[in-house]
Amino acid sequence: MTSELDIFVGNTTLIDEDVYRLWLDGYSVSDAVALRVRSGILEQTGATAAVLQSDTMDHYRTFHMLERLLHAPPKLLHQLIFQIPPSRQALLIERYYAFDEAFVREVLGKKLSKGTKKDLDDISTKTGITLKSCRRQFDNFKRVFKVVEEMRGSLVDNIQQHFLLSDRLARDYAAIVFFANNRFETGKKKLQYLSFGDFAFCAELMIQNWTLGAVDSQVDDMDMDLDKEFLQDLKELKVLVADKDLLDLHKSLVCTALRGKLGVFSEMEANFKNLSRGLVNVAAKLTHNKDVRDLFVDLVEKFVEPCRSDHWPLNDVRLFLNQYSASVHSLDGFRHQVLWDRYMGTLRGCLLRLYHD
């Protein structure tokens with residue numbers, strides 16, 4: 001009498017998402033085992049502590065071997081050593097390049113150099129994120145920056161193509177790269193209320209409207225560098241506050257349009273010239289690298305804080321900025337409408353995002 005046996009042999013690499021998260025978070029094997037025990041996994045599975053230790057070590061070895069492939073994600077897709085389904089590959093890549101909000105806020109706008117890397121000990125202590133995780137996140141930022149800094153084309157598209165990230169994560173990395181390249185100050189005390197999302201929103205607007213790529217898709221580093229010619233031209237906007245007749249007419253047009261529509265109309269009318277000078281002078285100073293770096297500090301000091309001290313509701317800020325921008329088109333003596341729209345279109349969006357009433 002013969003027996004028939006069906007045998008199936010597979011070599012699919014098993015990925016435990018919970019263990020992967022512990023590895024990404026920088027926990028040692030022993031710490032990871034302790035956390036898994038605390039989660040109740042031994043009771044749930046009936047496994048012994050020795051089996052759990054072996055299982056965790058096995059996963060960690062796999063992740064260490066995968067890490068070199070994760071540094072260049074297309075290699076993970078084309079290698080034949082690890083049999084990992086596409087959906088699992090995408091999960092590995094996305095989570096490897098994910099970052100902590102608390103960490104990115106500490107390094108956003110700083111040069112991605114050895115000098116900044118030396119600060120990771122302090123950042124780890126301040127944020128409670130393990131040093132190993134801080135290093136992974138920092139190295140990821142630096143790696144993406146180095147790969148895309150000399151490339152032509154859309155920054156987001158280049159990041160997606162070379163690192164296979166989701167659209168949202170690629171946009172976040174584009175903001176990180178853009179801020180690192182232009183060295184925007186984000187660490188000052190008066191900027192601490194702003195989230196990474198606030199800065200990323202502004203970065204996307206600036207990339208779309210203020211970079212070389214906004215006007216010429218064939219320029220090298222087009223989404224990385226601000227358009228220097230545009231920044232030089234912004235000095236022409238000073239006439240809006242230097243010419244008393246233009247300033248008075250601009251104020252009159254805005255006040256006429258908003259009378260009865262703003263809860264803070266009297267405060268706006270009294271402070272119009274100071275607010276206008278602040279917004280225009282920010283533009284005129286962007287020819288200097290230091291003033292470019294201090295853009296967000298200046299916007300908060302010159303506009304957000306004065307409006308906040310007068311208790312402007314966000315909707316009043318929106319109505320004012322819309323009318324302030326649009327009224328310039330009715331100033332007969334003003335000849336820089338296109339330049340104004342390119343500047344204020346972006347600035348208006350940023351200010352509304354920065355303003356927390």
# chains A, B, ... in the order shown; residues from 1 in each chain; ligands from 1
$ residues_around --residues "Lys244 in chain A" --least-positions-apart "6" --cutoff "12 Å" --atoms "only C-alpha atoms" --output "compact mmCIF listing (two decimals) with C-alpha atoms, in the first residue's frame"
# COMPACT_ATOMS: atom_id res chain seq x y z
CA LYS A 238 9.21 98.90 -2.90
CA HIS A 250 -3.73 101.25 -2.00
CA LYS A 251 -4.99 101.79 1.54
CA LYS A 273 0.70 101.09 6.34
CA ARG A 277 5.57 98.06 4.63
CA GLY A 333 0.90 103.98 -11.48
$ closest_residue --among "A:Leu108, A:Leu164, A:Ala72, A:Leu249" --to "Ala200 in chain A" --atoms "only C-alpha atoms"
A:Leu108
$ residues_around --residues "Ala34 in chain A" --least-positions-apart "4" --cutoff "10 Å" --atoms "only C-alpha atoms" --output "list in words"
Ser28, Val29, Ser30, Arg38, Ser39, Ala49, Leu52 and Gln53 of chain A
$ write_last_selection --atoms "N, CA, C and O atoms" --output "PDB file, in the first residue's frame"
ATOM      1  N   SER A  28      17.265  47.418  20.688  1.00  0.00           N
ATOM      2  CA  SER A  28      18.131  46.243  20.598  1.00  0.00           C
ATOM      3  C   SER A  28      17.260  44.989  20.594  1.00  0.00           C
ATOM      4  O   SER A  28      16.056  45.049  20.892  1.00  0.00           O
ATOM      5  N   VAL A  29      17.870  43.852  20.297  1.00  0.00           N
ATOM      6  CA  VAL A  29      17.119  42.592  20.303  1.00  0.00           C
ATOM      7  C   VAL A  29      16.517  42.341  21.681  1.00  0.00           C
ATOM      8  O   VAL A  29      15.329  41.990  21.808  1.00  0.00           O
ATOM      9  N   SER A  30      17.312  42.530  22.720  1.00  0.00           N
ATOM     10  CA  SER A  30      16.813  42.248  24.077  1.00  0.00           C
ATOM     11  C   SER A  30      15.662  43.179  24.458  1.00  0.00           C
ATOM     12  O   SER A  30      14.670  42.742  25.058  1.00  0.00           O
ATOM     13  N   ARG A  38       5.880  41.936  26.834  1.00  0.00           N
ATOM     14  CA  ARG A  38       4.939  42.825  27.515  1.00  0.00           C
ATOM     15  C   ARG A  38       3.629  42.943  26.726  1.00  0.00           C
ATOM     16  O   ARG A  38       2.573  43.209  27.290  1.00  0.00           O
ATOM     17  N   SER A  39       3.711  42.756  25.427  1.00  0.00           N
ATOM     18  CA  SER A  39       2.499  42.877  24.599  1.00  0.00           C
ATOM     19  C   SER A  39       1.583  41.653  24.734  1.00  0.00           C
ATOM     20  O   SER A  39       0.455  41.656  24.224  1.00  0.00           O
ATOM     21  N   ALA A  49       9.857  31.688  25.778  1.00  0.00           N
ATOM     22  CA  ALA A  49      10.729  32.864  25.723  1.00  0.00           C
ATOM     23  C   ALA A  49      11.909  32.625  24.786  1.00  0.00           C
ATOM     24  O   ALA A  49      12.354  33.524  24.065  1.00  0.00           O
ATOM     25  N   LEU A  52      10.775  33.016  21.232  1.00  0.00           N
ATOM     26  CA  LEU A  52      10.563  34.436  20.937  1.00  0.00           C
ATOM     27  C   LEU A  52      11.899  35.144  20.713  1.00  0.00           C
ATOM     28  O   LEU A  52      12.030  35.963  19.795  1.00  0.00           O
ATOM     29  N   GLN A  53      12.886  34.815  21.531  1.00  0.00           N
ATOM     30  CA  GLN A  53      14.233  35.393  21.378  1.00  0.00           C
ATOM     31  C   GLN A  53      14.804  35.030  20.011  1.00  0.00           C
ATOM     32  O   GLN A  53      15.335  35.888  19.290  1.00  0.00           O
TER      33      GLN A  53
END
$ select_by_dssp --residues "range 5-111 of chain A" --states "helix (DSSP H, G or I)" --output "ChimeraX atom specification"
/A:17-24,29-38,41-45,49-70,73-78,86-97,101-107
$ atom_distance --atom1 "CA of Gln232 in chain A" --atom2 "CA of Tyr343 in chain A"
12.0 Å
$ residues_around --residues "Leu66 in chain A" --least-positions-apart "5" --cutoff "12 Å" --atoms "only C-alpha atoms" --output "NGL selection string"
:A and (13 or 15 or 20 or 59-61 or 71-73 or 75-77 or 79-84 or 89 or 92-93 or 96)
$ closest_residue --among "A:Thr256, A:Asn158, A:Thr346, A:Asn281" --to "Ala242 in chain A" --atoms "only C-alpha atoms"
A:Asn281
